[in-house]
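Notes follow once the structure below has been shown.
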Amino acid sequence: MPDSLRIAIIGSGTAGPAAAIFLARAGHEVSLFERAEKKLSVGAGFLLQPTGLAVMHRLGLSEALLPHIAPINKLYCRTRSGRVLLDLPYSELGHDFYGAGTHRATLLDVLLAAAESAGVMMHWGTEMQRLSRDSTDRPLLHDQSIQRHGPYDLILICDGAHSAMREQSGVPARVSRYPWGALWFIGERTPEFDPSVLWQCVDSTRELNGFLPTGTRDDLLSLFWSIRLDHIPAWRQGSLESWKQQILRLSPQAESFLTQIESHHQVATAVYHDVRMKQWHGNRVVLLGDAAHALSPQLGQGVNLALMDAAALAESLELLPLDEALARYSKVRRRHLRFYQFATRWTTPFFQSDWLPLGWLRDAAFPLINTLPMLRRQMTATMAGGKTGPFSSLPQAQIPGRPPASRL
Ligand SMILES: Cc1cc2nc3c(=O)[nH]c(=O)nc-3n(C[C@H](O)[C@H](O)[C@H](O)COP(=O)(O)OP(=O)(O)OC[C@H]3O[C@@H](n4cnc5c(N)ncnc54)[C@H](O)[C@@H]3O)c2cc1C
């Protein structure tokens with residue numbers, strides 16, 4: 001076992017606390033810095049895939065999380081005219097496969113409680129702004145009050161898609177913003193929505209509406225509505241009723257759910273980034289989660305990739321000395337991340353763009369794909385999160401915590 005390291009983690013979203021638990025339990029001295037003053041109960045509903053659930057299982061946190069999730073059996077996506085584009089049941093992959101609809105705050109609660117018991121030192125209200133080096137080249141961190149922290153043996157940059165620390169790491173990255181984002185709202189699920197189905201409806205490439213059962217004890221439901229970012233100011237000034245009518249044209253069953261939205265202020269906006277990096281480590285620094293590889297949520301993978309990053313980094317540090325462990329981390333994550341980044345970039349314009357012919361192509365091709373069992377299975381496996389190429393999957397050994405009987 002390599003020596004105990006002094007580790008700083010920047011960002012307490014998903015990747016940061018998950019990595020903190022693994023590393024503190026392995027005997028390292030871990031400090032987690034978060035710019036928010038305290039844990040905020042904010043965030044959208046998201047879908048935890050079998051890959052993400054497997055990491056939670058490996059962390060020993062399934063039992064704490066599962067009472068709060070909505071087990072999702074399938075993704076169902078149709079056009080406004082009723083043509084079924086995707087009907088992807090997880091059971092195609094095995095009887096014990098499912099997704100978990102949950103809420104960012106619920107996942108964070110479970111992760112932070114475990115981080116605290118593992119002895120992670122939490123520093124709320126600390127926004128890191130700069131990274132420098134001491135005379136032995138070990139990294140130091142500087143916060144918003146110009147206070148210096150460190151030196152550290154290793155810094156984990158987990159500060160999300162808008163990362164300010166990515167540039168400080170010295171590891172080259174290309175960052176762009178998608179022209180389309182989303183409006184979202186979380187309310188109480190109404191009986192018209194099946195609690196085990198992620199429902200989506202599209203009309204051309206310009207209208208996309210989704211409803212995700214989001215679990216927790218209150219039986220919540222998340223509404224997503226695709227929108228061009230430059231249309232958001234006009235939406236804020238516009239009539240809420242006419243927006244609801246747009247939603248109802250796609251999802252008529254939403255009528256009673258929508259009565260919960262009485263003001264624009266109840267609806268949040270989401271902006272998506274695309275981050276490209278050739279490797280995710282540098283000299284005593286390593287990037288995880290959205291800071292390393294943000295993508296559009298079209299394939300619903302962000303939280304799962306962040307959890308898998310944490311598991312892969314912890315495993316590498318368990319096996320090898322620091323420099324080799326960081327190189328192994330980039331190597332182990334490469335194929336999986338490349339596939340999902342490629343697949344997401346390729347798929348997103350079919351659902352969110354101004355390229356209308358892509359919508360016609362989608363409406364012609366997807367129903368065919370959906371009827372071919374082999375292709376449908378590959379699409380379901382892609383949704384489940386364990387693919388590394390169109391016809392290849394992660395080896396069983398790299399799906400942490402998955403019971404051996406299950407295949408992805
Ligand atoms: C509308 C929407 C729907 C989504 N749906 C899904 C889905 O269905 N499935 C899925 O897997 N993913 C989904 N995602 C993506 C998912 O939310 C992210 O991929 C995931 O949260 C990434 O985790 P992270 O830890 O890398 O970053 P984040 O969760 O963004 O956390 C970063 C943390 O760092 C903190 N921070 C930032 N800068 C600093 C600093 N300088 N110093 C200290 N702290 C700092 C922030 O306050 C934050 O707490 C969705 C995203 C959106 C917007």
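Please note that chains go A, B, ... in the order of the structure tokens, that every chain numbers its residues from 1, and that ligands are numbered from 1 in the order shown.
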
8 Å contact set for segment 291-298 of chain A, only C-alpha atoms, chain neighbours under 6 positions out, as a ChimeraX atom specification: /A:157-163,166,178,272-277,280,337,341,344-345,347-348

Neighbourhood of ligand 1 at 7 Å, counting only C-alpha atoms and all ligand atoms, reported as a VMD selection string: chain A and resid 10 to 16 33 to 36 44 to 48 126 to 129 158 to 161 163 to 165 182 184 270 to 272 288 to 291 294 297 300 to 306

Helix (DSSP H, G or I) call set, DSSP backbone run, segment 239-408 of chain A, as an NGL selection string: :A and (240-250 or 252-258 or 264-266 or 290-293 or 297-299 or 302-319 or 322-351 or 356-371 or 373-384 or 396-398)

Residues of the last selection are to be written out with C-alpha atoms, as a JSON list (two decimals), in the first residue's frame.
```
[["chain", "number", "residue", "atom", "x", "y", "z"],
["A", 240, "LEU", "CA", -46.48, 31.18, -18.63],
["A", 241, "GLU", "CA", -49.82, 29.96, -20.01],
["A", 242, "SER", "CA", -48.64, 29.86, -23.62],
["A", 243, "TRP", "CA", -45.52, 27.91, -22.52],
["A", 244, "LYS", "CA", -47.76, 25.42, -20.70],
["A", 245, "GLN", "CA", -49.84, 25.06, -23.89],
["A", 246, "GLN", "CA", -46.62, 24.23, -25.81],
["A", 247, "ILE", "CA", -45.82, 21.53, -23.24],
["A", 248, "LEU", "CA", -49.37, 20.14, -23.40],
["A", 249, "ARG", "CA", -49.17, 19.79, -27.18],
["A", 250, "LEU", "CA", -46.32, 17.32, -26.57],
["A", 252, "PRO", "CA", -51.18, 16.22, -22.73],
["A", 253, "GLN", "CA", -51.02, 14.13, -19.54],
["A", 254, "ALA", "CA", -49.12, 17.00, -17.85],
["A", 255, "GLU", "CA", -52.17, 19.22, -17.33],
["A", 256, "SER", "CA", -52.61, 18.72, -13.59],
["A", 257, "PHE", "CA", -48.82, 18.57, -12.97],
["A", 258, "LEU", "CA", -48.42, 21.99, -14.61],
["A", 264, "HIS", "CA", -41.40, 31.92, -13.86],
["A", 265, "HIS", "CA", -39.30, 31.99, -10.67],
["A", 266, "GLN", "CA", -40.19, 28.36, -9.92],
["A", 290, "ASP", "CA", -17.69, 17.75, -15.31],
["A", 291, "ALA", "CA", -14.48, 19.76, -14.82],
["A", 292, "ALA", "CA", -12.75, 17.03, -16.82],
["A", 293, "HIS", "CA", -15.36, 16.04, -19.39],
["A", 297, "PRO", "CA", -27.17, 15.53, -20.54],
["A", 298, "GLN", "CA", -28.74, 13.97, -23.66],
["A", 299, "LEU", "CA", -27.56, 10.48, -22.68],
["A", 302, "GLY", "CA", -22.81, 13.12, -16.08],
["A", 303, "VAL", "CA", -23.29, 11.99, -12.48],
["A", 304, "ASN", "CA", -22.44, 8.40, -13.38],
["A", 305, "LEU", "CA", -19.20, 9.36, -15.12],
["A", 306, "ALA", "CA", -18.24, 11.49, -12.10],
["A", 307, "LEU", "CA", -18.82, 8.54, -9.74],
["A", 308, "MET", "CA", -16.84, 6.21, -11.99],
["A", 309, "ASP", "CA", -13.95, 8.71, -12.13],
["A", 310, "ALA", "CA", -13.83, 8.68, -8.33],
["A", 311, "ALA", "CA", -13.75, 4.88, -8.19],
["A", 312, "ALA", "CA", -11.06, 4.63, -10.91],
["A", 313, "LEU", "CA", -8.81, 7.22, -9.25],
["A", 314, "ALA", "CA", -9.10, 5.56, -5.84],
["A", 315, "GLU", "CA", -8.28, 2.17, -7.34],
["A", 316, "SER", "CA", -5.22, 3.56, -9.17],
["A", 317, "LEU", "CA", -3.90, 5.17, -5.98],
["A", 318, "GLU", "CA", -4.40, 1.89, -4.13],
["A", 319, "LEU", "CA", -2.30, 0.00, -6.67],
["A", 322, "LEU", "CA", 1.37, 8.71, -7.19],
["A", 323, "ASP", "CA", 2.79, 9.56, -10.66],
["A", 324, "GLU", "CA", 2.03, 6.14, -12.10],
["A", 325, "ALA", "CA", -1.40, 6.11, -10.48],
["A", 326, "LEU", "CA", -2.37, 9.40, -12.16],
["A", 327, "ALA", "CA", -1.21, 8.14, -15.56],
["A", 328, "ARG", "CA", -3.17, 4.93, -15.01],
["A", 329, "TYR", "CA", -6.29, 6.93, -14.11],
["A", 330, "SER", "CA", -6.22, 8.79, -17.46],
["A", 331, "LYS", "CA", -5.54, 5.53, -19.29],
["A", 332, "VAL", "CA", -8.29, 3.53, -17.58],
["A", 333, "ARG", "CA", -10.92, 6.24, -18.12],
["A", 334, "ARG", "CA", -9.99, 7.10, -21.75],
["A", 335, "ARG", "CA", -12.09, 4.66, -23.85],
["A", 336, "HIS", "CA", -15.20, 4.95, -21.74],
["A", 337, "LEU", "CA", -15.14, 8.76, -21.62],
["A", 338, "ARG", "CA", -14.25, 9.11, -25.32],
["A", 339, "PHE", "CA", -17.22, 6.92, -26.29],
["A", 340, "TYR", "CA", -19.76, 8.87, -24.22],
["A", 341, "GLN", "CA", -18.37, 12.23, -25.30],
["A", 342, "PHE", "CA", -18.53, 11.16, -28.95],
["A", 343, "ALA", "CA", -22.00, 9.60, -28.64],
["A", 344, "THR", "CA", -23.36, 12.65, -26.81],
["A", 345, "ARG", "CA", -21.95, 15.15, -29.34],
["A", 346, "TRP", "CA", -23.34, 13.02, -32.17],
["A", 347, "THR", "CA", -26.81, 12.51, -30.67],
["A", 348, "THR", "CA", -27.54, 15.97, -29.20],
["A", 349, "PRO", "CA", -28.24, 17.84, -32.52],
["A", 350, "PHE", "CA", -30.88, 15.20, -33.39],
["A", 351, "PHE", "CA", -32.83, 16.35, -30.32],
["A", 356, "LEU", "CA", -34.53, 20.46, -38.90],
["A", 357, "PRO", "CA", -33.53, 17.73, -41.43],
["A", 358, "LEU", "CA", -31.88, 15.88, -38.53],
["A", 359, "GLY", "CA", -35.33, 15.63, -36.98],
["A", 360, "TRP", "CA", -36.77, 14.06, -40.15],
["A", 361, "LEU", "CA", -33.86, 11.61, -40.27],
["A", 362, "ARG", "CA", -34.36, 10.77, -36.58],
["A", 363, "ASP", "CA", -38.09, 10.20, -37.03],
["A", 364, "ALA", "CA", -37.40, 7.85, -39.95],
["A", 365, "ALA", "CA", -34.42, 5.92, -38.50],
["A", 366, "PHE", "CA", -35.13, 5.60, -34.77],
["A", 367, "PRO", "CA", -38.39, 3.64, -35.08],
["A", 368, "LEU", "CA", -36.54, 1.13, -37.29],
["A", 369, "ILE", "CA", -33.63, 0.82, -34.88],
["A", 370, "ASN", "CA", -36.11, 0.37, -32.07],
["A", 371, "THR", "CA", -37.58, -2.71, -33.76],
["A", 373, "PRO", "CA", -33.39, -6.35, -31.12],
["A", 374, "MET", "CA", -29.60, -6.23, -31.50],
["A", 375, "LEU", "CA", -29.48, -2.47, -32.12],
["A", 376, "ARG", "CA", -32.06, -1.78, -29.45],
["A", 377, "ARG", "CA", -29.97, -3.73, -26.98],
["A", 378, "GLN", "CA", -26.89, -1.66, -27.86],
["A", 379, "MET", "CA", -28.89, 1.53, -27.32],
["A", 380, "THR", "CA", -30.14, 0.29, -23.96],
["A", 381, "ALA", "CA", -26.59, -0.65, -22.97],
["A", 382, "THR", "CA", -25.45, 2.84, -24.00],
["A", 383, "MET", "CA", -28.14, 4.36, -21.76],
["A", 384, "ALA", "CA", -27.06, 2.05, -18.90],
["A", 396, "GLN", "CA", -16.81, -6.56, -15.77],
["A", 397, "ALA", "CA", -13.81, -5.76, -13.58],
["A", 398, "GLN", "CA", -14.10, -2.05, -14.42]]
```

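The two atoms in question, atom CA of Leu208 of chain A and atom CA of Tyr90 of chain A, are spaced 22.2 Å apart.
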
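Residue nearest Ile72 of chain A, chosen from A:Asp134, A:Leu198, A:Ala24, A:Leu107 and counting only C-alpha atoms: A:Leu198.
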
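The smallest atom-to-atom distance between Leu32 of chain A and any of A:Ile9, A:Leu156, A:Ala100, A:Met56, using only C-alpha atoms, is found for A:Ile9.
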
Which of A:Ser222, A:Ser353, A:Gln147, A:Ser204 sits closest to Ala70 of chain A [using only C-alpha atoms]: A:Ser222

Computed interatomic separation between atom CA of His28 of chain A and atom CA of Asp137 of chain A (Å): 20.0 Å

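Candidate residues A:Leu320, A:Leu229, A:Val55, A:Leu131 were compared for distance to Trp180 of chain A, and the nearest is A:Leu229, using only C-alpha atoms.
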
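Going from atom CA of His95 of chain A to atom CA of Pro71 of chain A covers 13.0 Å.
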
Backbone DSSP call of strand (DSSP E or B) for segment 94-138 of chain A, listed as an MDAnalysis selection string: chainID A and resid 99:103 121:123 128:133

Spatial neighbours of Phe211 of chain A, 10 Å, only C-alpha atoms, chain gap at least 6 places, as a PyMOL selection string: chain A and resi 45+184-186+189+193-195+197-201+221-225+251+254

Mind writing the picked residues with C-alpha atoms as a short mmCIF file (atom, residue, chain, number, x, y, z; two decimals), in the first residue's frame?
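Written file, again.cif:
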```
data_model
loop_
_atom_site.label_atom_id
_atom_site.label_comp_id
_atom_site.auth_asym_id
_atom_site.auth_seq_id
_atom_site.Cartn_x
_atom_site.Cartn_y
_atom_site.Cartn_z
CA GLY A 45 -33.57 15.50 -10.92
CA TRP A 184 -36.58 22.53 -15.49
CA PHE A 185 -38.99 22.28 -12.61
CA ILE A 186 -39.48 19.71 -9.85
CA ARG A 189 -45.76 13.54 -9.36
CA PHE A 193 -47.20 9.74 -14.96
CA ASP A 194 -45.97 6.18 -14.55
CA PRO A 195 -43.48 6.31 -11.63
CA VAL A 197 -40.84 5.47 -16.85
CA LEU A 198 -38.62 8.29 -18.09
CA TRP A 199 -41.00 9.89 -20.59
CA GLN A 200 -39.85 12.11 -23.46
CA CYS A 201 -41.69 13.68 -26.38
CA LEU A 221 -41.31 14.42 -10.83
CA SER A 222 -38.84 16.57 -12.83
CA LEU A 223 -39.97 18.41 -15.94
CA PHE A 224 -37.36 19.30 -18.61
CA TRP A 225 -38.02 21.60 -21.56
CA SER A 251 -47.39 15.84 -23.24
CA ALA A 254 -49.12 17.00 -17.85
#
```

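Of the listed residues (A:Pro321, A:Pro67, A:Pro191, A:Gly82), A:Pro67 comes nearest to Val110 of chain A; the distances count only C-alpha atoms.
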
Counting only C-alpha atoms, the residue of A:Ala54, A:Ala64, A:Ala115, A:Leu154 that sits nearest Asn283 of chain A: A:Leu154
